[in-house]
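Participant: What follows is data32.cif, made up of mmCIF, C-alpha atoms:
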data_structure
#
loop_
_atom_site.group_PDB
_atom_site.id
_atom_site.type_symbol
_atom_site.label_atom_id
_atom_site.label_comp_id
_atom_site.auth_asym_id
_atom_site.auth_seq_id
_atom_site.Cartn_x
_atom_site.Cartn_y
_atom_site.Cartn_z
ATOM 1 C CA MET M 146 -12.552 -7.183 15.729
ATOM 2 C CA PRO M 147 -15.022 -9.712 14.241
ATOM 3 C CA GLN M 148 -16.098 -9.270 10.613
ATOM 4 C CA SER M 149 -19.711 -8.819 11.661
ATOM 5 C CA VAL M 150 -18.766 -5.796 13.795
ATOM 6 C CA LEU M 151 -16.705 -4.290 10.963
ATOM 7 C CA SER M 152 -19.607 -4.770 8.560
ATOM 8 C CA LEU M 153 -21.988 -3.089 10.994
ATOM 9 C CA ARG M 154 -19.583 -0.146 11.212
ATOM 10 C CA GLY M 155 -19.635 0.165 7.412
ATOM 11 C CA VAL M 156 -16.505 -1.671 6.190
ATOM 12 C CA ARG M 157 -17.343 -3.214 2.813
ATOM 13 C CA LEU M 158 -16.299 -6.858 3.045
ATOM 14 C CA GLN M 159 -16.866 -8.760 -0.206
ATOM 15 C CA GLY M 160 -16.760 -12.217 1.329
ATOM 16 C CA TYR M 161 -14.571 -13.889 3.908
ATOM 17 C CA VAL M 162 -11.487 -11.865 4.894
ATOM 18 C CA TRP M 163 -8.909 -13.210 7.367
ATOM 19 C CA MET M 164 -8.005 -10.488 9.873
ATOM 20 C CA ARG M 165 -5.921 -10.658 13.008
ATOM 21 C CA LYS M 166 -6.128 -7.689 15.403
ATOM 22 C CA ILE M 167 -6.218 -4.901 12.842
ATOM 23 C CA GLU M 168 -7.004 -1.253 13.601
ATOM 24 C CA ILE M 169 -9.452 1.025 11.793
ATOM 25 C CA PRO M 170 -9.554 4.258 13.830
ATOM 26 C CA ARG M 171 -12.317 6.008 11.850
ATOM 27 C CA ASN M 172 -14.279 6.269 8.595
ATOM 28 C CA HIS M 173 -15.043 2.555 8.360
ATOM 29 C CA ALA M 174 -17.298 3.131 5.320
ATOM 30 C CA ASP M 175 -14.244 4.332 3.346
ATOM 31 C CA ILE M 176 -12.759 0.814 3.308
ATOM 32 C CA GLU M 177 -13.426 -2.075 0.925
ATOM 33 C CA ILE M 178 -11.747 -5.477 1.225
ATOM 34 C CA ALA M 179 -12.243 -8.223 -1.364
ATOM 35 C CA ALA M 180 -12.823 -11.884 -0.586
ATOM 36 C CA GLY M 181 -9.815 -13.974 0.320
ATOM 37 C CA ALA M 182 -7.684 -11.031 1.477
ATOM 38 C CA SER M 183 -5.640 -11.455 4.665
ATOM 39 C CA LEU M 184 -4.627 -8.701 7.081
ATOM 40 C CA ASP M 185 -2.192 -9.722 9.801
ATOM 41 C CA ARG M 186 -1.713 -8.401 13.333
ATOM 42 C CA GLY M 187 -1.108 -4.671 13.756
ATOM 43 C CA VAL M 188 -2.284 -3.599 10.273
ATOM 44 C CA VAL M 189 -3.764 -0.074 10.372
ATOM 45 C CA LEU M 190 -6.281 1.148 7.797
ATOM 46 C CA LEU M 191 -6.469 4.921 8.241
ATOM 47 C CA SER M 192 -8.907 6.991 6.224
ATOM 48 C CA SER M 193 -8.936 10.732 6.845
ATOM 49 C CA GLY M 194 -11.093 13.582 5.659
ATOM 50 C CA PRO M 195 -14.809 13.660 4.918
ATOM 51 C CA LEU M 196 -16.747 10.530 3.988
ATOM 52 C CA THR M 197 -17.372 10.451 0.247
ATOM 53 C CA GLY M 198 -19.456 7.314 -0.261
ATOM 54 C CA VAL M 199 -16.653 5.869 -2.427
ATOM 55 C CA PRO M 200 -14.025 3.668 -0.764
ATOM 56 C CA LYS M 201 -10.721 5.467 -0.195
ATOM 57 C CA ILE M 202 -8.903 2.232 0.689
ATOM 58 C CA ARG M 203 -9.438 -0.823 -1.524
ATOM 59 C CA ILE M 204 -7.687 -4.143 -0.975
ATOM 60 C CA GLY M 205 -7.958 -6.736 -3.762
ATOM 61 C CA ALA M 206 -8.893 -10.388 -3.572
ATOM 62 C CA ARG M 207 -6.347 -12.799 -2.099
ATOM 63 C CA THR M 208 -3.944 -9.996 -1.168
ATOM 64 C CA TYR M 209 -1.888 -10.496 1.997
ATOM 65 C CA VAL M 210 -0.979 -7.460 4.121
ATOM 66 C CA ASN M 211 1.731 -8.429 6.606
ATOM 67 C CA ARG M 212 2.168 -7.298 10.208
ATOM 68 C CA TYR M 213 2.389 -3.658 11.255
ATOM 69 C CA THR M 214 1.699 -2.219 7.816
ATOM 70 C CA MET M 215 -0.181 1.087 7.538
ATOM 71 C CA LEU M 216 -2.459 2.127 4.681
ATOM 72 C CA ASP M 217 -3.097 5.881 5.024
ATOM 73 C CA ALA M 218 -5.582 7.515 2.625
ATOM 74 C CA THR M 219 -7.355 10.824 2.118
ATOM 75 C CA GLU M 220 -8.329 10.296 -1.562
ATOM 76 C CA ARG M 221 -7.751 6.792 -2.962
ATOM 77 C CA LEU M 222 -5.324 4.002 -2.143
ATOM 78 C CA GLU M 223 -5.880 0.819 -4.134
ATOM 79 C CA ILE M 224 -4.102 -2.526 -3.899
ATOM 80 C CA GLY M 225 -4.883 -5.017 -6.657
ATOM 81 C CA PRO M 226 -5.556 -8.737 -6.302
ATOM 82 C CA ASP M 227 -2.962 -11.354 -5.360
ATOM 83 C CA CYS M 228 -0.450 -8.883 -3.891
ATOM 84 C CA ALA M 229 2.026 -9.601 -1.091
ATOM 85 C CA ILE M 230 2.775 -6.663 1.208
ATOM 86 C CA GLY M 231 5.728 -7.232 3.554
ATOM 87 C CA PRO M 232 5.814 -6.341 7.252
ATOM 88 C CA GLY M 233 6.175 -2.745 8.386
ATOM 89 C CA CYS M 234 5.234 -1.108 5.076
ATOM 90 C CA TYR M 235 3.647 2.346 4.736
ATOM 91 C CA LEU M 236 1.442 3.238 1.760
ATOM 92 C CA THR M 237 -0.170 6.656 1.360
ATOM 93 C CA ASP M 238 -1.965 8.859 -1.149
ATOM 94 C CA HIS M 239 -1.100 12.223 0.424
ATOM 95 C CA ASP M 240 1.497 14.298 2.216
ATOM 96 C CA HIS M 241 1.516 17.521 4.233
ATOM 97 C CA GLY M 242 1.923 21.006 2.842
ATOM 98 C CA GLN M 243 4.993 23.094 3.611
ATOM 99 C CA ASP M 244 3.627 26.569 4.224
ATOM 100 C CA PRO M 245 6.163 28.129 6.649
ATOM 101 C CA SER M 246 3.436 30.342 8.175
ATOM 102 C CA LEU M 247 1.454 27.309 9.409
ATOM 103 C CA PRO M 248 2.333 24.766 12.098
ATOM 104 C CA PRO M 249 2.821 21.194 10.813
ATOM 105 C CA LEU M 250 -0.592 19.895 11.890
ATOM 106 C CA ALA M 251 -2.423 22.867 10.333
ATOM 107 C CA GLN M 252 -0.949 22.199 6.885
ATOM 108 C CA PRO M 253 -3.241 21.094 4.044
ATOM 109 C CA MET M 254 -2.825 17.488 2.908
ATOM 110 C CA PRO M 255 -2.442 17.482 -0.885
ATOM 111 C CA GLY M 256 -3.135 14.073 -2.367
ATOM 112 C CA ALA M 257 -3.060 11.985 -5.510
ATOM 113 C CA PRO M 258 -4.376 8.428 -5.964
ATOM 114 C CA THR M 259 -1.890 5.627 -5.300
ATOM 115 C CA ARG M 260 -2.326 2.208 -6.924
ATOM 116 C CA LEU M 261 -0.637 -1.176 -6.836
ATOM 117 C CA GLY M 262 -1.534 -3.448 -9.754
ATOM 118 C CA SER M 263 -2.146 -7.174 -9.498
ATOM 119 C CA ARG M 264 0.461 -9.617 -8.153
ATOM 120 C CA VAL M 265 2.722 -6.844 -6.826
ATOM 121 C CA TRP M 266 5.220 -7.857 -4.143
ATOM 122 C CA LEU M 267 6.519 -5.307 -1.626
ATOM 123 C CA GLY M 268 9.405 -6.387 0.616
ATOM 124 C CA ALA M 269 9.618 -5.486 4.299
ATOM 125 C CA HIS M 270 9.515 -1.800 5.297
ATOM 126 C CA VAL M 271 8.725 -0.426 1.824
ATOM 127 C CA VAL M 272 7.276 3.101 1.667
ATOM 128 C CA VAL M 273 4.978 4.007 -1.249
ATOM 129 C CA LEU M 274 4.254 7.742 -1.560
ATOM 130 C CA LYS M 275 1.320 9.673 -3.019
ATOM 131 C CA GLY M 276 0.432 9.461 -6.670
ATOM 132 C CA VAL M 277 2.558 6.372 -7.366
ATOM 133 C CA GLN M 278 1.352 3.657 -9.737
ATOM 134 C CA ILE M 279 3.097 0.284 -9.430
ATOM 135 C CA GLY M 280 2.482 -1.988 -12.424
ATOM 136 C CA ASP M 281 1.316 -5.586 -12.396
ATOM 137 C CA ARG M 282 3.814 -8.204 -11.167
ATOM 138 C CA ALA M 283 6.376 -5.607 -10.044
ATOM 139 C CA VAL M 284 8.689 -6.412 -7.124
ATOM 140 C CA ILE M 285 9.905 -3.698 -4.736
ATOM 141 C CA GLY M 286 12.948 -4.570 -2.601
ATOM 142 C CA ALA M 287 12.942 -4.321 1.186
ATOM 143 C CA GLY M 288 13.508 -0.842 2.622
ATOM 144 C CA SER M 289 12.807 0.951 -0.669
ATOM 145 C CA VAL M 290 10.983 4.284 -0.919
ATOM 146 C CA VAL M 291 8.831 4.464 -4.047
ATOM 147 C CA THR M 292 8.506 8.099 -5.157
ATOM 148 C CA ARG M 293 7.519 7.605 -8.812
ATOM 149 C CA ASP M 294 5.714 5.098 -11.029
ATOM 150 C CA ILE M 295 7.172 1.608 -11.472
ATOM 151 C CA PRO M 296 6.283 -0.298 -14.670
ATOM 152 C CA ALA M 297 4.823 -3.783 -14.845
ATOM 153 C CA ASP M 298 7.270 -6.675 -14.338
ATOM 154 C CA ALA M 299 9.968 -4.361 -12.936
ATOM 155 C CA VAL M 300 12.236 -5.079 -9.989
ATOM 156 C CA ALA M 301 12.949 -1.816 -8.163
ATOM 157 C CA VAL M 302 15.134 -1.139 -5.119
ATOM 158 C CA GLY M 303 16.625 1.738 -3.163
ATOM 159 C CA VAL M 304 15.904 5.198 -1.796
ATOM 160 C CA PRO M 305 14.416 6.441 -3.992
ATOM 161 C CA ALA M 306 13.440 3.169 -5.660
ATOM 162 C CA ARG M 307 14.893 2.658 -9.132
ATOM 163 C CA VAL M 308 14.216 -0.115 -11.628
ATOM 164 C CA VAL M 309 17.192 -2.486 -11.752
ATOM 165 C CA ARG M 310 15.761 -5.050 -14.148
ATOM 166 C CA LEU M 311 12.620 -6.470 -15.657
ATOM 167 C CA ARG M 312 11.365 -9.832 -14.441
ATOM 168 C CA THR M 313 10.933 -11.043 -18.016
ATOM 169 C CA GLU M 314 14.595 -10.468 -18.882
ATOM 170 C CA ALA M 315 17.066 -13.329 -18.673
ATOM 171 C CA GLU M 316 19.961 -11.023 -17.744
ATOM 172 C CA PRO M 317 19.984 -8.165 -15.204
ATOM 173 C CA LEU M 318 20.609 -4.607 -16.377
ATOM 174 C CA ALA M 319 24.190 -3.318 -16.473
ATOM 175 C CA GLY M 320 23.515 -1.081 -13.457
ATOM 176 C CA GLU M 321 22.604 -4.102 -11.335
ATOM 177 C CA LEU M 322 25.772 -5.966 -12.418
ATOM 178 C CA ALA M 323 27.886 -2.917 -11.583
ATOM 179 C CA SER M 324 26.363 -2.674 -8.124
ATOM 180 C CA LEU M 325 27.243 -6.324 -7.568
ATOM 181 C CA GLY M 326 30.860 -5.719 -8.639
ATOM 182 C CA GLN M 327 30.458 -7.887 -11.752
ATOM 183 C CA LEU M 328 31.161 -5.203 -14.355
#
Starting from the file, give its structure as structure tokens.
Facilitator:
Amino acid sequence: MPQSVLSLRGVRLQGYVWMRKIEIPRNHADIEIAAGASLDRGVVLLSSGPLTGVPKIRIGARTYVNRYTMLDATERLEIGPDCAIGPGCYLTDHDHGQDPSLPPLAQPMPGAPTRLGSRVWLGAHVVVLKGVQIGDRAVIGAGSVVTRDIPADAVAVGVPARVVRLRTEAEPLAGELASLGQL
């Protein structure tokens, strides 16, 4: 969809954004994309719930969102500038309730803001769940599920994702060496 059409529908584009066959099913006015961002084929920006006048999905300047990634927001999902999001990722700021008296689609969707800092790198097929804050320059390994906050400069991997080292350290943590059979 051309940028002019997205702008007419209410998407807040802050300059030129490279987009290749993305999908925005509804609530276009809930989306803000900074200049220089790139969204590849099959990216879905899904905003649910009532329009609030404040963007629920924000993508920072020069951030690249790779193919078939979904950003799913009901409250606030923010990606900082200069991030690299691998293919097939899923980022959300909510989940479904678990009231046994209600069918799955009638459940409330409790949420909490989710934020990626600047220069964050998510590998392929990473899942980031509601309320998570990922610090600046953190790296999340492919296939990880991030269920809690990750500090700046951390390298985190696994299900659930756990910090294995800090990028500023010369040596990996003992846990990483053990997992590699070097301890």
Participant: Tell me which residues the PyMOL selection byres ((chain M and resi 298) around 10) grabs here, as a list in words.
Facilitator: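 After applying the PyMOL selection byres ((chain M and resi 298) around 10), what remains is Arg264, Val265, Ile279, Gly280, Asp281, Arg282, Ala283, Val284, Ile295, Pro296, Ala297, Ala299, Val300, Ala301, Val308, Arg310, Leu311, Arg312, Thr313 and Glu314 of chain M.
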Participant: Would you pick out the contacts of Cys234 in chain M at 9 Å or less, using all atoms listed in the file, so that residues sharing its chain but fewer than 5 positions from it are not included, and give the list as an mmCIF file with C-alpha atoms, in the frame of the given file?
Facilitator:
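Generated output (out-v7.cif):
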data_model
loop_
_atom_site.group_PDB
_atom_site.id
_atom_site.type_symbol
_atom_site.label_atom_id
_atom_site.label_comp_id
_atom_site.auth_asym_id
_atom_site.auth_seq_id
_atom_site.Cartn_x
_atom_site.Cartn_y
_atom_site.Cartn_z
ATOM 1 C CA VAL M 210 -0.979 -7.460 4.121
ATOM 2 C CA ASN M 211 1.731 -8.429 6.606
ATOM 3 C CA ARG M 212 2.168 -7.298 10.208
ATOM 4 C CA TYR M 213 2.389 -3.658 11.255
ATOM 5 C CA THR M 214 1.699 -2.219 7.816
ATOM 6 C CA MET M 215 -0.181 1.087 7.538
ATOM 7 C CA LEU M 216 -2.459 2.127 4.681
ATOM 8 C CA LEU M 267 6.519 -5.307 -1.626
ATOM 9 C CA GLY M 268 9.405 -6.387 0.616
ATOM 10 C CA ALA M 269 9.618 -5.486 4.299
ATOM 11 C CA HIS M 270 9.515 -1.800 5.297
ATOM 12 C CA VAL M 271 8.725 -0.426 1.824
ATOM 13 C CA VAL M 272 7.276 3.101 1.667
ATOM 14 C CA VAL M 273 4.978 4.007 -1.249
ATOM 15 C CA GLY M 288 13.508 -0.842 2.622
#
Participant: The PyMOL selection byres ((chain M and resi 253) around 12) - which residues does that actually catch in the file I just gave you? List them as a compact mmCIF listing (two decimals) with C-alpha atoms, in the frame of the given file.
Facilitator:
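Generated file (expr11.txt):
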# COMPACT_ATOMS: atom_id res chain seq x y z
CA GLY M 194 -11.09 13.58 5.66
CA THR M 219 -7.36 10.82 2.12
CA HIS M 239 -1.10 12.22 0.42
CA ASP M 240 1.50 14.30 2.22
CA HIS M 241 1.52 17.52 4.23
CA GLY M 242 1.92 21.01 2.84
CA GLN M 243 4.99 23.09 3.61
CA ASP M 244 3.63 26.57 4.22
CA LEU M 247 1.45 27.31 9.41
CA PRO M 248 2.33 24.77 12.10
CA PRO M 249 2.82 21.19 10.81
CA LEU M 250 -0.59 19.90 11.89
CA ALA M 251 -2.42 22.87 10.33
CA GLN M 252 -0.95 22.20 6.88
CA MET M 254 -2.82 17.49 2.91
CA PRO M 255 -2.44 17.48 -0.88
CA GLY M 256 -3.14 14.07 -2.37
Participant: Of the residues M:Leu184, M:Ala206, M:Ile224, M:Leu274, which is the one nearest to Leu236 in chain M, using only C-alpha atoms?
Facilitator: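 Once distances to Leu236 in chain M are computed over only C-alpha atoms, the minimum belongs to M:Leu274.
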Participant: Any idea what the distance is between CA of Ala182 in chain M and CA of Gly205 in chain M?
Facilitator: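 Taking CA of Ala182 in chain M and CA of Gly205 in chain M, their separation equals 6.8 Å.
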Participant: Pick out the residues sitting within 10 Å of Arg207 in chain M, and hand them over as a PDB file with C-alpha atoms, in the frame of the given file; count only C-alpha atoms, and ignore anything fewer than 5 positions along from it in its own chain.
Facilitator:
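Dumped to out05.pdb:
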ATOM      1  CA  VAL M 162     -11.487 -11.865   4.894  1.00  0.00           C
ATOM      2  CA  TRP M 163      -8.909 -13.210   7.367  1.00  0.00           C
ATOM      3  CA  ILE M 178     -11.747  -5.477   1.225  1.00  0.00           C
ATOM      4  CA  ALA M 179     -12.243  -8.223  -1.364  1.00  0.00           C
ATOM      5  CA  ALA M 180     -12.823 -11.884  -0.586  1.00  0.00           C
ATOM      6  CA  GLY M 181      -9.815 -13.974   0.320  1.00  0.00           C
ATOM      7  CA  ALA M 182      -7.684 -11.031   1.477  1.00  0.00           C
ATOM      8  CA  SER M 183      -5.640 -11.455   4.665  1.00  0.00           C
ATOM      9  CA  GLY M 225      -4.883  -5.017  -6.657  1.00  0.00           C
ATOM     10  CA  PRO M 226      -5.556  -8.737  -6.302  1.00  0.00           C
ATOM     11  CA  ASP M 227      -2.962 -11.354  -5.360  1.00  0.00           C
ATOM     12  CA  CYS M 228      -0.450  -8.883  -3.891  1.00  0.00           C
ATOM     13  CA  ALA M 229       2.026  -9.601  -1.091  1.00  0.00           C
ATOM     14  CA  ARG M 264       0.461  -9.617  -8.153  1.00  0.00           C
TER      15      ARG M 264
END
Participant: If you measure from CA of Ser289 in chain M to CA of Pro200 in chain M, what distance in Å do you get, rounded to one decimal?
Facilitator: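 Interatomic distance, CA of Ser289 in chain M to CA of Pro200 in chain M: 27.0 Å.
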Participant: Using only C-alpha atoms, find the one residue out of M:Arg203, M:Val188, M:Val304, M:Gly198 that sits nearest to Leu158 in chain M.
Facilitator: M:Arg203
Participant: Kindly give the distance, in Å, that separates CA of Glu168 in chain M and CA of Asp185 in chain M, rounded to a single decimal.
Facilitator: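 Computing the Euclidean distance for CA of Glu168 in chain M and CA of Asp185 in chain M yields 10.5 Å.
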Participant: Taking only C-alpha atoms into account, which of M:Pro170, M:Pro232, M:Gly276, M:Gly187 comes nearest Glu220 in chain M?
Facilitator: M:Gly276
Participant: If the PyMOL selection byres ((chain M and resi 196) around 8) were run on this exact file, what residues would it hold? Put them as a CSV table (one decimal) with C-alpha atoms, in the frame of the given file.
Facilitator:
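Output file selection15.csv is given in full below:
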chain,number,residue,atom,x,y,z
M,172,ASN,CA,-14.3,6.3,8.6
M,174,ALA,CA,-17.3,3.1,5.3
M,175,ASP,CA,-14.2,4.3,3.3
M,194,GLY,CA,-11.1,13.6,5.7
M,195,PRO,CA,-14.8,13.7,4.9
M,197,THR,CA,-17.4,10.5,0.2
M,198,GLY,CA,-19.5,7.3,-0.3
M,199,VAL,CA,-16.7,5.9,-2.4
Participant: Just checking: using all atoms listed in the file, which residue out of M:Lys201, M:Ala218, M:Val302, M:Val189 ends up closest to Lys166 in chain M?
Facilitator: M:Val189
Participant: Regenerate range 152-169 of chain M at the level of N, CA, C and O atoms and dump it as a short mmCIF file (atom, residue, chain, number, x, y, z; two decimals), keeping the file's coordinate frame.
Facilitator:
data_model
loop_
_atom_site.label_atom_id
_atom_site.label_comp_id
_atom_site.auth_asym_id
_atom_site.auth_seq_id
_atom_site.Cartn_x
_atom_site.Cartn_y
_atom_site.Cartn_z
N SER M 152 -18.53 -4.99 9.53
CA SER M 152 -19.61 -4.77 8.56
C SER M 152 -20.66 -3.82 9.11
O SER M 152 -21.14 -2.93 8.41
N LEU M 153 -21.02 -3.99 10.37
CA LEU M 153 -21.99 -3.09 10.99
C LEU M 153 -21.47 -1.65 11.05
O LEU M 153 -22.25 -0.70 10.97
N ARG M 154 -20.18 -1.49 11.18
CA ARG M 154 -19.58 -0.15 11.21
C ARG M 154 -19.41 0.45 9.81
O ARG M 154 -19.00 1.59 9.67
N GLY M 155 -19.66 -0.36 8.77
CA GLY M 155 -19.64 0.16 7.41
C GLY M 155 -18.51 -0.33 6.52
O GLY M 155 -18.47 0.02 5.34
N VAL M 156 -17.56 -1.13 7.04
CA VAL M 156 -16.50 -1.67 6.19
C VAL M 156 -17.16 -2.59 5.16
O VAL M 156 -18.00 -3.41 5.48
N ARG M 157 -16.77 -2.43 3.91
CA ARG M 157 -17.34 -3.21 2.81
C ARG M 157 -16.51 -4.48 2.61
O ARG M 157 -15.46 -4.45 1.97
N LEU M 158 -16.98 -5.57 3.18
CA LEU M 158 -16.30 -6.86 3.04
C LEU M 158 -17.01 -7.64 1.95
O LEU M 158 -18.21 -7.85 2.03
N GLN M 159 -16.27 -8.07 0.94
CA GLN M 159 -16.87 -8.76 -0.21
C GLN M 159 -16.71 -10.27 -0.09
O GLN M 159 -16.36 -10.93 -1.05
N GLY M 160 -16.93 -10.79 1.07
CA GLY M 160 -16.76 -12.22 1.33
C GLY M 160 -15.86 -12.39 2.54
O GLY M 160 -15.57 -11.43 3.26
N TYR M 161 -15.40 -13.62 2.74
CA TYR M 161 -14.57 -13.89 3.91
C TYR M 161 -13.20 -13.23 3.77
O TYR M 161 -12.53 -13.37 2.75
N VAL M 162 -12.79 -12.52 4.82
CA VAL M 162 -11.49 -11.86 4.89
C VAL M 162 -10.85 -12.30 6.21
O VAL M 162 -11.47 -12.18 7.27
N TRP M 163 -9.62 -12.81 6.16
CA TRP M 163 -8.91 -13.21 7.37
C TRP M 163 -8.25 -11.97 7.95
O TRP M 163 -7.47 -11.30 7.27
N MET M 164 -8.57 -11.66 9.20
CA MET M 164 -8.01 -10.49 9.87
C MET M 164 -7.58 -10.88 11.27
O MET M 164 -8.29 -11.60 11.97
N ARG M 165 -6.43 -10.34 11.68
CA ARG M 165 -5.92 -10.66 13.01
C ARG M 165 -5.52 -9.38 13.72
O ARG M 165 -4.46 -8.81 13.45
N LYS M 166 -6.38 -8.88 14.59
CA LYS M 166 -6.13 -7.69 15.40
C LYS M 166 -5.66 -6.50 14.57
O LYS M 166 -4.56 -5.99 14.74
N ILE M 167 -6.53 -6.08 13.65
CA ILE M 167 -6.22 -4.90 12.84
C ILE M 167 -6.85 -3.68 13.50
O ILE M 167 -7.67 -3.81 14.42
N GLU M 168 -6.47 -2.49 13.03
CA GLU M 168 -7.00 -1.25 13.60
C GLU M 168 -7.57 -0.39 12.48
O GLU M 168 -6.91 -0.15 11.47
N ILE M 169 -8.81 0.06 12.69
CA ILE M 169 -9.45 1.02 11.79
C ILE M 169 -9.97 2.15 12.70
O ILE M 169 -11.04 2.03 13.28
#
